[in-house]
>>> print(open('input-v8.pdb').read())   # PDB, C-alpha atoms and all ligand atoms
ATOM      1  CA  MET B  18      10.825  -6.769   5.566  1.00  0.00           C
ATOM      2  CA  ASN B  19      10.859  -4.466   8.535  1.00  0.00           C
ATOM      3  CA  SER B  20      14.257  -5.613   9.683  1.00  0.00           C
ATOM      4  CA  GLY B  21      15.711  -4.582   6.329  1.00  0.00           C
ATOM      5  CA  ARG B  22      14.971  -0.960   7.043  1.00  0.00           C
ATOM      6  CA  TRP B  23      17.258  -0.683  10.057  1.00  0.00           C
ATOM      7  CA  ILE B  24      21.001  -0.636  10.273  1.00  0.00           C
ATOM      8  CA  LEU B  25      23.174  -1.250  13.261  1.00  0.00           C
ATOM      9  CA  LEU B  26      25.632   1.538  14.115  1.00  0.00           C
ATOM     10  CA  PRO B  27      28.225   1.704  16.876  1.00  0.00           C
ATOM     11  CA  ARG B  28      27.012   4.169  19.512  1.00  0.00           C
ATOM     12  CA  ALA B  29      30.305   6.057  19.323  1.00  0.00           C
ATOM     13  CA  LEU B  30      29.482   7.144  15.761  1.00  0.00           C
ATOM     14  CA  LEU B  31      26.213   8.760  16.767  1.00  0.00           C
ATOM     15  CA  LYS B  32      25.796  12.369  17.757  1.00  0.00           C
ATOM     16  CA  PRO B  33      23.437  12.732  20.731  1.00  0.00           C
ATOM     17  CA  GLN B  34      20.568  14.133  18.629  1.00  0.00           C
ATOM     18  CA  GLN B  35      20.808  11.113  16.349  1.00  0.00           C
ATOM     19  CA  LEU B  36      20.128   8.662  19.137  1.00  0.00           C
ATOM     20  CA  PRO B  37      16.731   7.097  18.651  1.00  0.00           C
ATOM     21  CA  CYS B  38      14.041   7.929  21.137  1.00  0.00           C
ATOM     22  CA  PRO B  39      13.292   5.986  23.179  1.00  0.00           C
ATOM     23  CA  ASP B  40      16.822   4.600  23.285  1.00  0.00           C
ATOM     24  CA  PRO B  41      16.491   0.845  22.777  1.00  0.00           C
ATOM     25  CA  GLY B  42      19.514   0.422  25.039  1.00  0.00           C
ATOM     26  CA  LEU B  43      20.807  -2.612  23.248  1.00  0.00           C
ATOM     27  CA  PRO B  44      23.730  -4.504  24.708  1.00  0.00           C
ATOM     28  CA  GLY B  45      27.074  -3.978  23.036  1.00  0.00           C
ATOM     29  CA  GLY B  46      26.822  -0.187  22.913  1.00  0.00           C
ATOM     30  CA  GLU B  47      24.805  -0.166  19.707  1.00  0.00           C
ATOM     31  CA  ALA B  48      21.632   1.572  18.697  1.00  0.00           C
ATOM     32  CA  TYR B  49      19.210   1.287  15.830  1.00  0.00           C
ATOM     33  CA  LEU B  50      18.911   4.103  13.334  1.00  0.00           C
ATOM     34  CA  PRO B  51      16.421   4.179  10.491  1.00  0.00           C
ATOM     35  CA  LYS B  52      17.952   4.158   7.025  1.00  0.00           C
ATOM     36  CA  MET B  53      16.701   6.566   4.382  1.00  0.00           C
ATOM     37  CA  ALA B  54      12.906   6.626   4.255  1.00  0.00           C
ATOM     38  CA  LYS B  55      11.452   5.406   0.964  1.00  0.00           C
ATOM     39  CA  LEU B  56       8.198   5.343  -0.962  1.00  0.00           C
ATOM     40  CA  TYR B  57       7.206   1.725  -1.629  1.00  0.00           C
ATOM     41  CA  PHE B  58       4.557   0.528  -4.072  1.00  0.00           C
ATOM     42  CA  TYR B  59       3.313  -3.014  -3.483  1.00  0.00           C
ATOM     43  CA  TYR B  60       1.229  -3.870  -6.531  1.00  0.00           C
ATOM     44  CA  SER B  61      -0.629  -6.936  -7.704  1.00  0.00           C
ATOM     45  CA  ALA B  62      -3.791  -8.274  -9.298  1.00  0.00           C
ATOM     46  CA  MET B  63      -6.878  -9.022  -7.177  1.00  0.00           C
ATOM     47  CA  ASN B  64      -6.883 -11.319  -4.171  1.00  0.00           C
ATOM     48  CA  ALA B  65      -3.117 -11.624  -3.881  1.00  0.00           C
ATOM     49  CA  GLY B  66      -3.006 -10.655  -0.208  1.00  0.00           C
ATOM     50  CA  LYS B  67      -2.203  -6.941  -0.447  1.00  0.00           C
ATOM     51  CA  THR B  68      -4.317  -5.982   2.544  1.00  0.00           C
ATOM     52  CA  THR B  69      -3.035  -8.904   4.595  1.00  0.00           C
ATOM     53  CA  THR B  70       0.524  -7.786   3.852  1.00  0.00           C
ATOM     54  CA  LEU B  71      -0.339  -4.196   4.820  1.00  0.00           C
ATOM     55  CA  LEU B  72      -1.851  -5.291   8.129  1.00  0.00           C
ATOM     56  CA  GLN B  73       1.176  -7.474   8.889  1.00  0.00           C
ATOM     57  CA  SER B  74       3.561  -4.583   8.175  1.00  0.00           C
ATOM     58  CA  SER B  75       1.616  -2.206  10.401  1.00  0.00           C
ATOM     59  CA  TYR B  76       1.556  -4.843  13.142  1.00  0.00           C
ATOM     60  CA  ASN B  77       5.338  -5.288  12.865  1.00  0.00           C
ATOM     61  CA  TYR B  78       5.853  -1.574  13.492  1.00  0.00           C
ATOM     62  CA  ARG B  79       3.426  -1.408  16.403  1.00  0.00           C
ATOM     63  CA  GLU B  80       4.850  -4.534  17.981  1.00  0.00           C
ATOM     64  CA  ARG B  81       8.137  -2.618  18.223  1.00  0.00           C
ATOM     65  CA  GLY B  82       6.444   0.305  19.945  1.00  0.00           C
ATOM     66  CA  MET B  83       6.257   2.445  16.800  1.00  0.00           C
ATOM     67  CA  ASN B  84       3.271   4.382  15.491  1.00  0.00           C
ATOM     68  CA  THR B  85       1.667   3.873  12.100  1.00  0.00           C
ATOM     69  CA  LEU B  86      -0.932   5.839  10.176  1.00  0.00           C
ATOM     70  CA  VAL B  87      -3.148   3.537   8.079  1.00  0.00           C
ATOM     71  CA  LEU B  88      -5.087   5.269   5.307  1.00  0.00           C
ATOM     72  CA  LYS B  89      -7.757   4.144   2.890  1.00  0.00           C
ATOM     73  CA  PRO B  90      -9.639   6.091   0.223  1.00  0.00           C
ATOM     74  CA  CYS B  91     -13.310   6.914   0.887  1.00  0.00           C
ATOM     75  CA  ILE B  92     -14.171   5.530  -2.514  1.00  0.00           C
ATOM     76  CA  ASP B  93     -14.314   2.100  -0.945  1.00  0.00           C
ATOM     77  CA  ASP B  94     -16.795   2.492   1.916  1.00  0.00           C
ATOM     78  CA  ARG B  95     -17.676  -1.174   2.228  1.00  0.00           C
ATOM     79  CA  HIS B  96     -16.239  -1.344   5.725  1.00  0.00           C
ATOM     80  CA  GLY B  97     -16.302   2.279   6.898  1.00  0.00           C
ATOM     81  CA  ALA B  98     -12.996   3.340   8.381  1.00  0.00           C
ATOM     82  CA  ARG B  99     -11.673  -0.168   8.912  1.00  0.00           C
ATOM     83  CA  ILE B 100      -9.489  -2.319   6.716  1.00  0.00           C
ATOM     84  CA  HIS B 101     -10.446  -5.964   6.310  1.00  0.00           C
ATOM     85  CA  SER B 102      -8.393  -8.687   4.695  1.00  0.00           C
ATOM     86  CA  ARG B 103      -9.906 -11.781   3.145  1.00  0.00           C
ATOM     87  CA  ILE B 104      -8.342 -14.048   5.746  1.00  0.00           C
ATOM     88  CA  GLY B 105     -10.131 -12.251   8.556  1.00  0.00           C
ATOM     89  CA  LEU B 106      -7.605  -9.728   9.861  1.00  0.00           C
ATOM     90  CA  GLU B 107      -8.768  -6.178  10.374  1.00  0.00           C
ATOM     91  CA  MET B 108      -7.556  -2.853  11.702  1.00  0.00           C
ATOM     92  CA  ALA B 109      -8.850   0.681  12.199  1.00  0.00           C
ATOM     93  CA  ALA B 110      -7.938   3.033   9.361  1.00  0.00           C
ATOM     94  CA  GLU B 111      -8.512   6.631   8.404  1.00  0.00           C
ATOM     95  CA  ASN B 112     -10.561   7.470   5.355  1.00  0.00           C
ATOM     96  CA  PHE B 113      -9.436  10.185   2.980  1.00  0.00           C
ATOM     97  CA  THR B 114     -11.145  11.894   0.071  1.00  0.00           C
ATOM     98  CA  PRO B 115      -9.587  12.586  -3.363  1.00  0.00           C
ATOM     99  CA  GLU B 116      -9.409  16.284  -2.408  1.00  0.00           C
ATOM    100  CA  GLN B 117      -7.542  15.720   0.848  1.00  0.00           C
ATOM    101  CA  ASN B 118      -3.876  16.715   1.182  1.00  0.00           C
ATOM    102  CA  LEU B 119      -2.086  13.648   2.580  1.00  0.00           C
ATOM    103  CA  LEU B 120       1.038  15.577   3.610  1.00  0.00           C
ATOM    104  CA  GLU B 121      -1.139  17.824   5.769  1.00  0.00           C
ATOM    105  CA  LEU B 122      -2.957  14.782   7.125  1.00  0.00           C
ATOM    106  CA  ALA B 123       0.347  13.133   8.092  1.00  0.00           C
ATOM    107  CA  ASP B 124       1.564  16.402   9.632  1.00  0.00           C
ATOM    108  CA  SER B 125      -1.542  16.660  11.779  1.00  0.00           C
ATOM    109  CA  ARG B 126      -0.806  13.168  13.166  1.00  0.00           C
ATOM    110  CA  VAL B 127       2.860  14.003  13.730  1.00  0.00           C
ATOM    111  CA  ALA B 128       1.699  16.946  15.848  1.00  0.00           C
ATOM    112  CA  GLU B 129       0.023  14.423  18.178  1.00  0.00           C
ATOM    113  CA  GLN B 130       2.694  11.741  18.339  1.00  0.00           C
ATOM    114  CA  LEU B 131       5.804  10.488  16.565  1.00  0.00           C
ATOM    115  CA  LEU B 132       4.908   8.762  13.328  1.00  0.00           C
ATOM    116  CA  HIS B 133       7.122   5.956  12.032  1.00  0.00           C
ATOM    117  CA  CYS B 134       5.289   4.751   8.937  1.00  0.00           C
ATOM    118  CA  VAL B 135       2.341   5.617   6.693  1.00  0.00           C
ATOM    119  CA  LEU B 136       0.481   2.743   5.017  1.00  0.00           C
ATOM    120  CA  VAL B 137      -2.085   3.222   2.233  1.00  0.00           C
ATOM    121  CA  ASP B 138      -4.634   0.592   1.196  1.00  0.00           C
ATOM    122  CA  GLU B 139      -6.325   0.655  -2.253  1.00  0.00           C
ATOM    123  CA  ALA B 140      -3.566   2.989  -3.426  1.00  0.00           C
ATOM    124  CA  GLN B 141      -4.708   2.724  -7.045  1.00  0.00           C
ATOM    125  CA  PHE B 142      -7.367   5.304  -6.125  1.00  0.00           C
ATOM    126  CA  LEU B 143      -4.831   7.983  -5.129  1.00  0.00           C
ATOM    127  CA  THR B 144      -4.756  11.091  -7.287  1.00  0.00           C
ATOM    128  CA  GLN B 145      -1.549  12.277  -8.919  1.00  0.00           C
ATOM    129  CA  ALA B 146      -1.403  15.120  -6.372  1.00  0.00           C
ATOM    130  CA  GLN B 147      -1.718  12.669  -3.480  1.00  0.00           C
ATOM    131  CA  VAL B 148       1.105  10.464  -4.766  1.00  0.00           C
ATOM    132  CA  PHE B 149       3.220  13.622  -4.883  1.00  0.00           C
ATOM    133  CA  GLN B 150       2.157  14.493  -1.318  1.00  0.00           C
ATOM    134  CA  LEU B 151       3.150  11.001  -0.149  1.00  0.00           C
ATOM    135  CA  SER B 152       6.555  11.459  -1.768  1.00  0.00           C
ATOM    136  CA  GLU B 153       6.850  14.654   0.299  1.00  0.00           C
ATOM    137  CA  VAL B 154       6.063  12.681   3.469  1.00  0.00           C
ATOM    138  CA  VAL B 155       9.119  10.592   2.557  1.00  0.00           C
ATOM    139  CA  ASP B 156      11.431  13.366   1.338  1.00  0.00           C
ATOM    140  CA  GLN B 157      10.538  16.196   3.726  1.00  0.00           C
ATOM    141  CA  ARG B 158       9.379  14.327   6.845  1.00  0.00           C
ATOM    142  CA  LYS B 159      11.648  11.277   6.410  1.00  0.00           C
ATOM    143  CA  ILE B 160       8.763   8.916   7.119  1.00  0.00           C
ATOM    144  CA  PRO B 161       8.508   5.724   5.020  1.00  0.00           C
ATOM    145  CA  VAL B 162       5.310   5.294   3.012  1.00  0.00           C
ATOM    146  CA  LEU B 163       4.037   1.853   2.007  1.00  0.00           C
ATOM    147  CA  ALA B 164       1.310   1.966  -0.667  1.00  0.00           C
ATOM    148  CA  TYR B 165      -0.618  -1.159  -1.689  1.00  0.00           C
ATOM    149  CA  GLY B 166      -2.797  -1.328  -4.774  1.00  0.00           C
ATOM    150  CA  LEU B 167      -3.874  -2.810  -8.064  1.00  0.00           C
ATOM    151  CA  ARG B 168      -1.699  -2.064 -11.060  1.00  0.00           C
ATOM    152  CA  THR B 169      -4.358  -2.194 -13.784  1.00  0.00           C
ATOM    153  CA  ASP B 170      -8.140  -2.151 -14.120  1.00  0.00           C
ATOM    154  CA  PHE B 171     -10.431  -4.700 -15.805  1.00  0.00           C
ATOM    155  CA  GLN B 172      -9.529  -3.301 -19.226  1.00  0.00           C
ATOM    156  CA  GLY B 173      -5.805  -3.573 -18.637  1.00  0.00           C
ATOM    157  CA  GLU B 174      -5.355   0.193 -18.131  1.00  0.00           C
ATOM    158  CA  LEU B 175      -3.319   1.712 -15.323  1.00  0.00           C
ATOM    159  CA  PHE B 176      -5.170   3.382 -12.475  1.00  0.00           C
ATOM    160  CA  GLU B 177      -4.186   7.010 -11.824  1.00  0.00           C
ATOM    161  CA  GLY B 178      -2.638   6.226  -8.450  1.00  0.00           C
ATOM    162  CA  SER B 179      -0.760   3.217  -9.798  1.00  0.00           C
ATOM    163  CA  ARG B 180       0.562   5.143 -12.801  1.00  0.00           C
ATOM    164  CA  HIS B 181       2.231   7.728 -10.582  1.00  0.00           C
ATOM    165  CA  LEU B 182       3.374   5.259  -7.950  1.00  0.00           C
ATOM    166  CA  LEU B 183       5.039   3.190 -10.681  1.00  0.00           C
ATOM    167  CA  ALA B 184       6.715   6.377 -11.870  1.00  0.00           C
ATOM    168  CA  TRP B 185       7.768   7.862  -8.531  1.00  0.00           C
ATOM    169  CA  ALA B 186       8.154   5.073  -5.955  1.00  0.00           C
ATOM    170  CA  ASP B 187      11.661   4.231  -4.766  1.00  0.00           C
ATOM    171  CA  GLU B 188      10.833   0.538  -4.554  1.00  0.00           C
ATOM    172  CA  LEU B 189       8.391  -1.488  -6.645  1.00  0.00           C
ATOM    173  CA  CYS B 190       7.368  -4.787  -5.086  1.00  0.00           C
ATOM    174  CA  GLU B 191       5.061  -7.251  -6.813  1.00  0.00           C
ATOM    175  CA  ILE B 192       2.784  -9.373  -4.634  1.00  0.00           C
ATOM    176  CA  LYS B 193       2.219 -12.479  -6.704  1.00  0.00           C
ATOM    177  CA  THR B 194      -0.861 -14.590  -7.222  1.00  0.00           C
ATOM    178  CA  ILE B 195      -1.812 -17.212  -9.800  1.00  0.00           C
ATOM    179  CA  CYS B 196      -4.298 -17.667 -12.628  1.00  0.00           C
ATOM    180  CA  HIS B 197      -6.585 -20.737 -12.762  1.00  0.00           C
ATOM    181  CA  CYS B 198      -4.068 -22.200 -15.244  1.00  0.00           C
ATOM    182  CA  GLY B 199      -1.210 -21.969 -12.749  1.00  0.00           C
ATOM    183  CA  SER B 200       0.666 -19.130 -14.455  1.00  0.00           C
ATOM    184  CA  LYS B 201       1.348 -15.887 -12.639  1.00  0.00           C
ATOM    185  CA  ALA B 202      -1.745 -13.663 -12.707  1.00  0.00           C
ATOM    186  CA  THR B 203      -1.000 -10.070 -13.608  1.00  0.00           C
ATOM    187  CA  MET B 204      -4.389  -8.919 -14.934  1.00  0.00           C
ATOM    188  CA  VAL B 205      -7.855  -8.379 -13.463  1.00  0.00           C
ATOM    189  CA  VAL B 206     -11.096  -9.508 -15.126  1.00  0.00           C
ATOM    190  CA  ARG B 207     -14.447  -8.038 -14.062  1.00  0.00           C
ATOM    191  CA  LEU B 208     -17.347 -10.491 -14.135  1.00  0.00           C
ATOM    192  CA  ASP B 209     -20.940  -9.289 -14.326  1.00  0.00           C
ATOM    193  CA  GLU B 210     -23.829 -10.825 -12.395  1.00  0.00           C
ATOM    194  CA  GLN B 211     -24.086 -13.643 -14.943  1.00  0.00           C
ATOM    195  CA  GLY B 212     -20.382 -14.389 -14.591  1.00  0.00           C
ATOM    196  CA  ASN B 213     -19.497 -13.010 -18.025  1.00  0.00           C
ATOM    197  CA  PRO B 214     -16.365 -10.871 -18.491  1.00  0.00           C
ATOM    198  CA  ALA B 215     -17.167  -7.151 -18.721  1.00  0.00           C
ATOM    199  CA  ARG B 216     -15.570  -5.405 -21.701  1.00  0.00           C
ATOM    200  CA  ALA B 217     -16.791  -1.868 -20.991  1.00  0.00           C
ATOM    201  CA  GLY B 218     -17.943   0.215 -18.065  1.00  0.00           C
ATOM    202  CA  ALA B 219     -16.647   2.616 -15.457  1.00  0.00           C
ATOM    203  CA  GLN B 220     -13.155   1.964 -14.079  1.00  0.00           C
ATOM    204  CA  VAL B 221     -14.442   2.168 -10.528  1.00  0.00           C
ATOM    205  CA  GLN B 222     -17.656   0.336  -9.788  1.00  0.00           C
ATOM    206  CA  ILE B 223     -18.058  -0.380  -6.125  1.00  0.00           C
ATOM    207  CA  GLY B 224     -21.189  -1.731  -4.519  1.00  0.00           C
ATOM    208  CA  GLY B 225     -22.489  -3.537  -7.592  1.00  0.00           C
ATOM    209  CA  ASN B 226     -22.693  -7.280  -7.796  1.00  0.00           C
ATOM    210  CA  ASP B 227     -19.678  -7.536 -10.077  1.00  0.00           C
ATOM    211  CA  SER B 228     -16.806  -9.671  -8.987  1.00  0.00           C
ATOM    212  CA  TYR B 229     -13.171  -9.728 -10.005  1.00  0.00           C
ATOM    213  CA  VAL B 230     -10.783 -12.537 -10.776  1.00  0.00           C
ATOM    214  CA  SER B 231      -7.071 -12.463 -11.420  1.00  0.00           C
ATOM    215  CA  MET B 232      -5.754 -14.041 -14.607  1.00  0.00           C
ATOM    216  CA  CYS B 233      -2.561 -14.379 -16.572  1.00  0.00           C
ATOM    217  CA  ARG B 234      -2.280 -12.099 -19.604  1.00  0.00           C
ATOM    218  CA  ARG B 235      -3.180 -14.868 -22.064  1.00  0.00           C
ATOM    219  CA  HIS B 236      -6.422 -15.759 -20.295  1.00  0.00           C
ATOM    220  CA  PHE B 237      -7.180 -12.088 -19.690  1.00  0.00           C
ATOM    221  CA  LYS B 238      -7.012 -11.476 -23.444  1.00  0.00           C
ATOM    222  CA  GLU B 239      -9.111 -14.546 -24.179  1.00  0.00           C
ATOM    223  CA  SER B 240     -11.836 -13.468 -21.772  1.00  0.00           C
ATOM    224  CA  LEU B 241     -11.763  -9.854 -22.973  1.00  0.00           C
ATOM    225  CA  TYR B 242     -11.501 -10.371 -26.741  1.00  0.00           C
ATOM    226  CA  GLY B 243     -12.377 -14.049 -27.257  1.00  0.00           C
ATOM    227  CA  GLU B 244     -10.116 -16.629 -28.856  1.00  0.00           C
TER     228      GLU B 244
HETATM  229 ZN    ZN B 301      -3.941 -18.352 -17.235  1.00  0.00          ZN
END
>>> encode(input="input-v8.pdb", output="structure tokens")
Amino acid sequence: MNSGRWILLPRALLKPQQLPCPDPGLPGGEAYLPKMAKLYFYYSAMNAGKTTTLLQSSYNYRERGMNTLVLKPCIDDRHGARIHSRIGLEMAAENFTPEQNLLELADSRVAEQLLHCVLVDEAQFLTQAQVFQLSEVVDQRKIPVLAYGLRTDFQGELFEGSRHLLAWADELCEIKTICHCGSKATMVVRLDEQGNPARAGAQVQIGGNDSYVSMCRRHFKESLYGE
């Protein structure tokens, strides 16, 4: 995915200030230039590998000597300021609150060092204002933003962050997973402590003993409304 964001230009076409820094000094008189920065929304149901994909993307940048800012909302404080994926990968991240201005946060990091990419975990919990601020990171600062999150909650309703990312992102990318029946799972079912599907309750319920499973729409409807 990372390689798709770079284009190869003959060095002769570049003005000096356009040369990347540090100059990769590739053979053949060519240099890499980033294409237009974009706002990406990677969405899926539960347990599709969103966080694993985020960590891999951040690693790809850092492996090439580039700096990433990895953000996660405070609403999910299960692991403090670290991001954990189900397959055991983890990385330090910065928490942010719903009130925090993410453009200002990115700017404060840019003041310390060049920033090549911003990655956001649990992006469904972004506010409308924060999705706008992330679009400003792309449009004003020319830094790509990769947001990863759930599309809908356990009642099939869009989250606030997902609603505005679906509306404003340049690229929508679905991370696929499957239902127990083998069909693509697009919906999330919340199970209570007895393993029964929850039909009502708060959209965000972290720290309880509920669990979530991904299902296709047909099985989601069956578990929510019965046959
Ligand atoms: Zn199914």
>>> resolve_selection(input="input-v8.pdb", expression="the PyMOL selection byres (((chain B and resi 85) around 12) and not hetatm)", output="PDB file with C-alpha atoms, keeping the file's coordinate frame")
ATOM      1  CA  LEU B  71      -0.339  -4.196   4.820  1.00  0.00           C
ATOM      2  CA  LEU B  72      -1.851  -5.291   8.129  1.00  0.00           C
ATOM      3  CA  GLN B  73       1.176  -7.474   8.889  1.00  0.00           C
ATOM      4  CA  SER B  74       3.561  -4.583   8.175  1.00  0.00           C
ATOM      5  CA  SER B  75       1.616  -2.206  10.401  1.00  0.00           C
ATOM      6  CA  TYR B  76       1.556  -4.843  13.142  1.00  0.00           C
ATOM      7  CA  ASN B  77       5.338  -5.288  12.865  1.00  0.00           C
ATOM      8  CA  TYR B  78       5.853  -1.574  13.492  1.00  0.00           C
ATOM      9  CA  ARG B  79       3.426  -1.408  16.403  1.00  0.00           C
ATOM     10  CA  GLU B  80       4.850  -4.534  17.981  1.00  0.00           C
ATOM     11  CA  ARG B  81       8.137  -2.618  18.223  1.00  0.00           C
ATOM     12  CA  GLY B  82       6.444   0.305  19.945  1.00  0.00           C
ATOM     13  CA  MET B  83       6.257   2.445  16.800  1.00  0.00           C
ATOM     14  CA  ASN B  84       3.271   4.382  15.491  1.00  0.00           C
ATOM     15  CA  LEU B  86      -0.932   5.839  10.176  1.00  0.00           C
ATOM     16  CA  VAL B  87      -3.148   3.537   8.079  1.00  0.00           C
ATOM     17  CA  LEU B  88      -5.087   5.269   5.307  1.00  0.00           C
ATOM     18  CA  MET B 108      -7.556  -2.853  11.702  1.00  0.00           C
ATOM     19  CA  ALA B 109      -8.850   0.681  12.199  1.00  0.00           C
ATOM     20  CA  ALA B 110      -7.938   3.033   9.361  1.00  0.00           C
ATOM     21  CA  GLU B 111      -8.512   6.631   8.404  1.00  0.00           C
ATOM     22  CA  ALA B 123       0.347  13.133   8.092  1.00  0.00           C
ATOM     23  CA  ARG B 126      -0.806  13.168  13.166  1.00  0.00           C
ATOM     24  CA  VAL B 127       2.860  14.003  13.730  1.00  0.00           C
ATOM     25  CA  GLN B 130       2.694  11.741  18.339  1.00  0.00           C
ATOM     26  CA  LEU B 131       5.804  10.488  16.565  1.00  0.00           C
ATOM     27  CA  LEU B 132       4.908   8.762  13.328  1.00  0.00           C
ATOM     28  CA  HIS B 133       7.122   5.956  12.032  1.00  0.00           C
ATOM     29  CA  CYS B 134       5.289   4.751   8.937  1.00  0.00           C
ATOM     30  CA  VAL B 135       2.341   5.617   6.693  1.00  0.00           C
ATOM     31  CA  LEU B 136       0.481   2.743   5.017  1.00  0.00           C
ATOM     32  CA  VAL B 137      -2.085   3.222   2.233  1.00  0.00           C
ATOM     33  CA  ILE B 160       8.763   8.916   7.119  1.00  0.00           C
ATOM     34  CA  PRO B 161       8.508   5.724   5.020  1.00  0.00           C
ATOM     35  CA  VAL B 162       5.310   5.294   3.012  1.00  0.00           C
ATOM     36  CA  LEU B 163       4.037   1.853   2.007  1.00  0.00           C
TER      37      LEU B 163
END
>>> residues_near_ligand(input="input-v8.pdb", ligand="ligand ZN 301 (chain B)", cutoff="10 Å", atoms="all atoms listed in the file", output="list in words")
Ile195, Cys196, His197, Cys198, Gly199, Ser200, Lys201, Ala202, Thr203, Met204, Ser231, Met232, Cys233, Arg234, Arg235, His236, Phe237, Lys238 and Glu239 of chain B
>>> atom_distance(input="input-v8.pdb", atom1="atom CA of Asp187 of chain B", atom2="atom CA of Thr169 of chain B")
19.5 Å
>>> residues_near_point(input="input-v8.pdb", point="(-1.8, -11.2, -5.7)", cutoff="6 Å", atoms="only C-alpha atoms", output="ChimeraX atom specification")
/B:61-66,192-194
>>> atom_distance(input="input-v8.pdb", atom1="atom CA of Trp185 of chain B", atom2="atom CA of Val221 of chain B")
23.0 Å
>>> residues_around(input="input-v8.pdb", residues="Glu139 of chain B", least_positions_apart="6", cutoff="9 Å", atoms="only C-alpha atoms", output="list in words")
Lys67, Thr68, Leu88, Lys89, Pro90, Asp93, Ala164, Tyr165, Gly166 and Leu167 of chain B
